[in-house]
Structure formats: structure tokens, C-alpha cells
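Trainee: Pasting in a structure now, in C-alpha cells, and then I'll have a few things to ask.
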Amino acid sequence: MFGGNKEVSVMGNRLRRALFSSILSIVILGAATIATALQIDSGLSLSERPDDRAFQNAMALLIKGQIDQADQAFQEIIRSNPKHVYAFLGRAEIALRRNKVAEGEKAVQEALSINPKAPEAHNMMGLVRLYQKKPAEAKAAFQEAIALNPRFTTPRMYLATLYRSENKPELAIREYKSVIETSPTLFTAYRGLAEVSIATGAYDQGIETLKKWKERDPKNPDASNALGEAYLSHKDYEKALHAFDEALRLNPKYIFATKNKGDLYSLKGEPQKAIEFYQAVLAQDPKYLEAHLRLGTIYMQLNQPQKALAAFRGAITAAPDFPMAYNNVAYLLTQEGKDLDEATRLAKKAISLNPQYPDAYDTLGWIYLSKGNYDEAVQALKKAKSLGGDQPEVLAHLGTAYYKRGMKKEALPELKKAIALKSDLPDAEAIRKMIAEIEKK
């Protein structure tokens, strides 16, 4: 099955919104580490705030992304001062960035043993619990950090995102409002508050929140772009276009507004204009994944399979670990009847990257079906159905595989349900013929 734009957030600047489905993804919000907490969190009033030059140098390395050098610097600080809480937290952050969760937990525990009332340590423990996929314990840690310092905005941002993942918008709104009250220039809170408001039907409130952000930060293209995204979500194309143009006026190289203009014209049903903007995005950043995917989808809709293939191959180059790109190339190759061996390899690659990806199992099953390998087709398509439910394309493929395998009793319910769910399937006529033949007997 083709993986379409449903898998890529339409409003997905920097893929942010698409990532809210995973609690672990909260760690990329950008306001949560000891590095950012010590830099920008106006709610911190630390009696033990570190001001020694060695620590500041280590922090500078961490902020620049020079992880190995930062880790060495923090270790040297700990050797000279074994009770340096924030050096342990710096090491914890580095461990998490390296996905060494046990090491991160140990470093946080060291910090807490030195100062059990350090709110930053409880905040970092919350991060550890997120990595461990323990949201309840993460929540408790963030709440403890806030109890120790009610003006500490970083854990409130985490809590807001956790509440969003739990579908508790009223609690998320409460946290965002607390953040804005404490830190009125922490603009990620305005974005979060607006998103939750709009998602819960309070569209006007969401728009007002974004306008307040824009008023406070008039030279920031992020604010205009976010306002444009909100308008676009309600198909207010004129206002959205004005907002995106305003973002580009503030920064002509602001790539997210350029991409969003492509989305706007795509939604308006003007594919050629959309293509122009997506191509402009790729001219600026050849590894911009969403632009490749959008182009591929549009070219498929325009029945230009070779251009679609090129776009999806570009997506593989841009993001070698993104399974949908592999699946879509495999799907197109199969649809065109070209190089089924390469299609097989790519579908299997998609599955290896995400073993719970139903579209890739469907594509693999379709490939086996096209090759005449009916046993393998049945197994792959059964897996696709178990993971993705009763998708009409999957049911049609599975029913056909059963039919070709001689398992006509098993084929009939799958084929009938496929047609009932989607009467205009590409192979609808062939499916109806199979149904009629089986029912005759």
C-alpha cells in the first residue's frame, strides 16, 4: 500500500506535530535539558547556580553539540568537585543523547544523592523515565521539580506535552498558561497553547494566542508562520497566504513558510504551484524530507510515476532511516511492473526499519502476489491486516492471494469486504469476477 501524506503531518513544521504520538519524542521539544534550563528558564532562582568557568565552558561545548569534549569537561569537573550536581546532570544529558539510558539514570541518581531538592535533577529524572517509556513516573518527577520550584517552566512544558499525549487538553492548557505567566517570552508555550485550543475546537482562542505571540515578537518569522499554519488548518487560504508571505518578508530564506505555501496550493488543488514551492524548498535544502514526500505524492496524483519515483528516491537519500520512502518506491516499482527484486528489497528494508508498519507488509505481499509466490503473499498480507485492520486495499490483496492459492473459502469474505468498504478499488472489476465465480460454486 502506498504511504501517503496522512503519515506526514500537514502542519508539520520540522515534523514537530507528527511526533506527538510518541511520548519519547517529547525530548526533542527543545526546552527540556539542563543546558537549556540553565540558559533560558527564567523560573530558575538557584541558590547553588553554578558560575564557575570550567562548568560554563563545559556547557558551551554541550550547547554547540561537541558531545565528547563536553563529557570530558564534565568528568574533569567531577574529579575536582565530586559534589558538583550540575556536572552530573550534564553527564546525564549526554548519556541520554547517546541513548545510554542506564548511564543517564545513574548520573541523575548521583545528583539527587548530593542534593535531593535540586529541581533540575528531578526534571532530568523525568526525562530518563520518558526514555524508559514510564510516563507515570516521568510525570511524578516533573511534578516534584515544579513543587520544589513552581516557577520552573521546563518541567511544565514536558507535563503539557504528556497531557496532550494522554488526551487531557484542559491540563495541558493549564501548564502552558502557567509557563506564559512565568516566562512571557517562551514562545513555544504560545504555540503549544494555540495548538491545543484549536484541536479542542477553540479556534478563535488559538488564533488570539498566536496573535499575542506575534505582537510580543514581531520580527520572528516563526510567529507569522504558526499563524499561517493555524489559518491553513481551517482552509482560510487568503489569511494563511498572507501570514506565510509575512514570514518570508521577515526572512526570505525561511524555508518552513516556503514549504507551507506548497501545502497551501496542494490543498487548494493547484498542484503545479505546489510543485514550484516544494522544488524551491529542495533547492534551498536538498534533504528536506517533507518536500520530497509531498512532491512524490503530487506526481502520483498527476499520473507521473517516473517523477514520483525520483521524488521518493530523493526522500530515501534525505532520510535513510525513514521507512515510508522505501515502501513508496517499492509500491511504485510494483505498480509499474518494474524490477520486482528491487521492490522486494526495498519493502523488506521498510519493514526492518519499522516492523509494525502495515503498509510495507501490504506492499511486500503485493510484490509476492505479482511474482506468483502465493504462500509468501498470504503470510505478508495477513500480517498487514493484523497490524492495520480492515483496509480495503489490503483485504483486496489478501483475498486475491487466497484465491490464487486455491483457498477460495478464505478469499470470499476478504474480497466482499474490500468491495463493500471501497467500491472503486483499482481492481474492482476483477474482484467482482472472483466473488461471482466463488459464489457460483
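Following the order of the C-alpha cells, chains are lettered A, B, ..., residues in each are numbered from 1, and ligands are numbered from 1.
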Which residues are close to region 309-320 of chain A, i.e. within 12 Å by only C-alpha atoms, leaving aside same-chain residues fewer than 2 positions away? Reply as JSON, numbers by chain.

Mentor: {"A": [2, 3, 4, 275, 278, 279, 282, 285, 286, 287, 288, 289, 290, 291, 292, 293, 294, 295, 296, 297, 298, 299, 300, 303, 304, 305, 306, 307, 322, 323, 324, 325, 326, 327, 328, 329, 330, 331, 332, 333, 334, 335, 336, 338, 343, 346, 349, 350, 353]}

Trainee: Go through region 176-293 of chain A and collect every residue that DSSP, computed from the backbone, puts in alpha helix (DSSP H); the answer should be as a PyMOL selection string.

Mentor: chain A and resi 176-182+187-199+203-216+221-233+237-250+255-267+271-284+289-293

Trainee: Identify, on the basis of only C-alpha atoms, every residue whose closest approach to Ala377 (chain A) does not exceed 7 Å; exclude the query and any residue fewer than 5 positions from it along the same chain; express the result as a VMD selection string.

Mentor: chain A and resid 365 to 366 368 to 369 401

Trainee: Within 10 Å of region 426-436 of chain A, counting only C-alpha atoms, which residues show up once you throw out same-chain ones fewer than 6 positions away? Write them as a PyMOL selection string, please.

Mentor: chain A and resi 393+396-397+399-400+403+408+411-416+418-419

Trainee: Out of A:Glu103, A:Asp71, A:Glu137, A:Glu246, which residue has the shortest atom-to-atom distance to Leu162 (chain A) when counting only C-alpha atoms?

Mentor: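 Of A:Glu103, A:Asp71, A:Glu137, A:Glu246, the one nearest Leu162 (chain A), counting only C-alpha atoms, is A:Glu137.
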
Trainee: Could you state the separation of CA of Asn373 (chain A) and CA of Leu421 (chain A) in Å, given to one decimal place?

Mentor: 26.6 Å

Trainee: Provide the CA of Leu159 (chain A) to CA of Lys139 (chain A) distance in Å, to one decimal place.

Mentor: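 Taking CA of Leu159 (chain A) and CA of Lys139 (chain A), their separation equals 6.5 Å.
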
Trainee: Taking only C-alpha atoms into account, name the residue in A:Gln301, A:Gln132, A:Gln284, A:Thr363 that is nearest to Gly269 (chain A).

Mentor: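 Of A:Gln301, A:Gln132, A:Gln284, A:Thr363, the one nearest Gly269 (chain A), counting only C-alpha atoms, is A:Gln301.
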
Trainee: Could you give me, as a list in words, the residues within 10 Å of Gly388 (chain A), counting only C-alpha atoms and dropping anything in the same chain fewer than 2 positions from it?

Mentor: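 Counting only the stated atoms, we get Gln356, Tyr357, Pro358, Asp359, Tyr361, Asp362, Lys382, Lys383, Ala384, Lys385, Ser386, Asp390, Gln391 and Val394 of chain A.
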
Trainee: Given only C-alpha atoms as the basis, pick out the residue of A:Tyr203, A:Tyr176, A:Phe88, A:Tyr158 nearest to Lys106 (chain A).

Mentor: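 When distances to Lys106 (chain A) are compared using only C-alpha atoms, the smallest one comes from A:Phe88.
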
Trainee: Residues within 9 Å of Tyr231 (chain A), please, as a list in words. Count only C-alpha atoms; anything in the same chain fewer than 4 positions from it doesn't count.

Mentor: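 In the requested format, the answer is Ile207, Ala226, Leu227, Lys235, Asp236, Tyr237, Glu238, Lys239, Ala240, Leu241 and Ala243 of chain A.
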
Trainee: Go through A:Asn99, A:Leu193, A:Ala380, A:Leu210 one by one, measure the shortest atom-to-atom distance of each to Lys348 (chain A) using only C-alpha atoms, and give the residue with the smallest value.

Mentor: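 So, comparing all the options, the nearest one is A:Ala380.
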
Trainee: Which residues are near Ala107 (chain A)? Cut-off 10 Å, only C-alpha atoms, ignore same chain within fewer than 5 positions. Put them as a count of residues only.

Mentor: 16
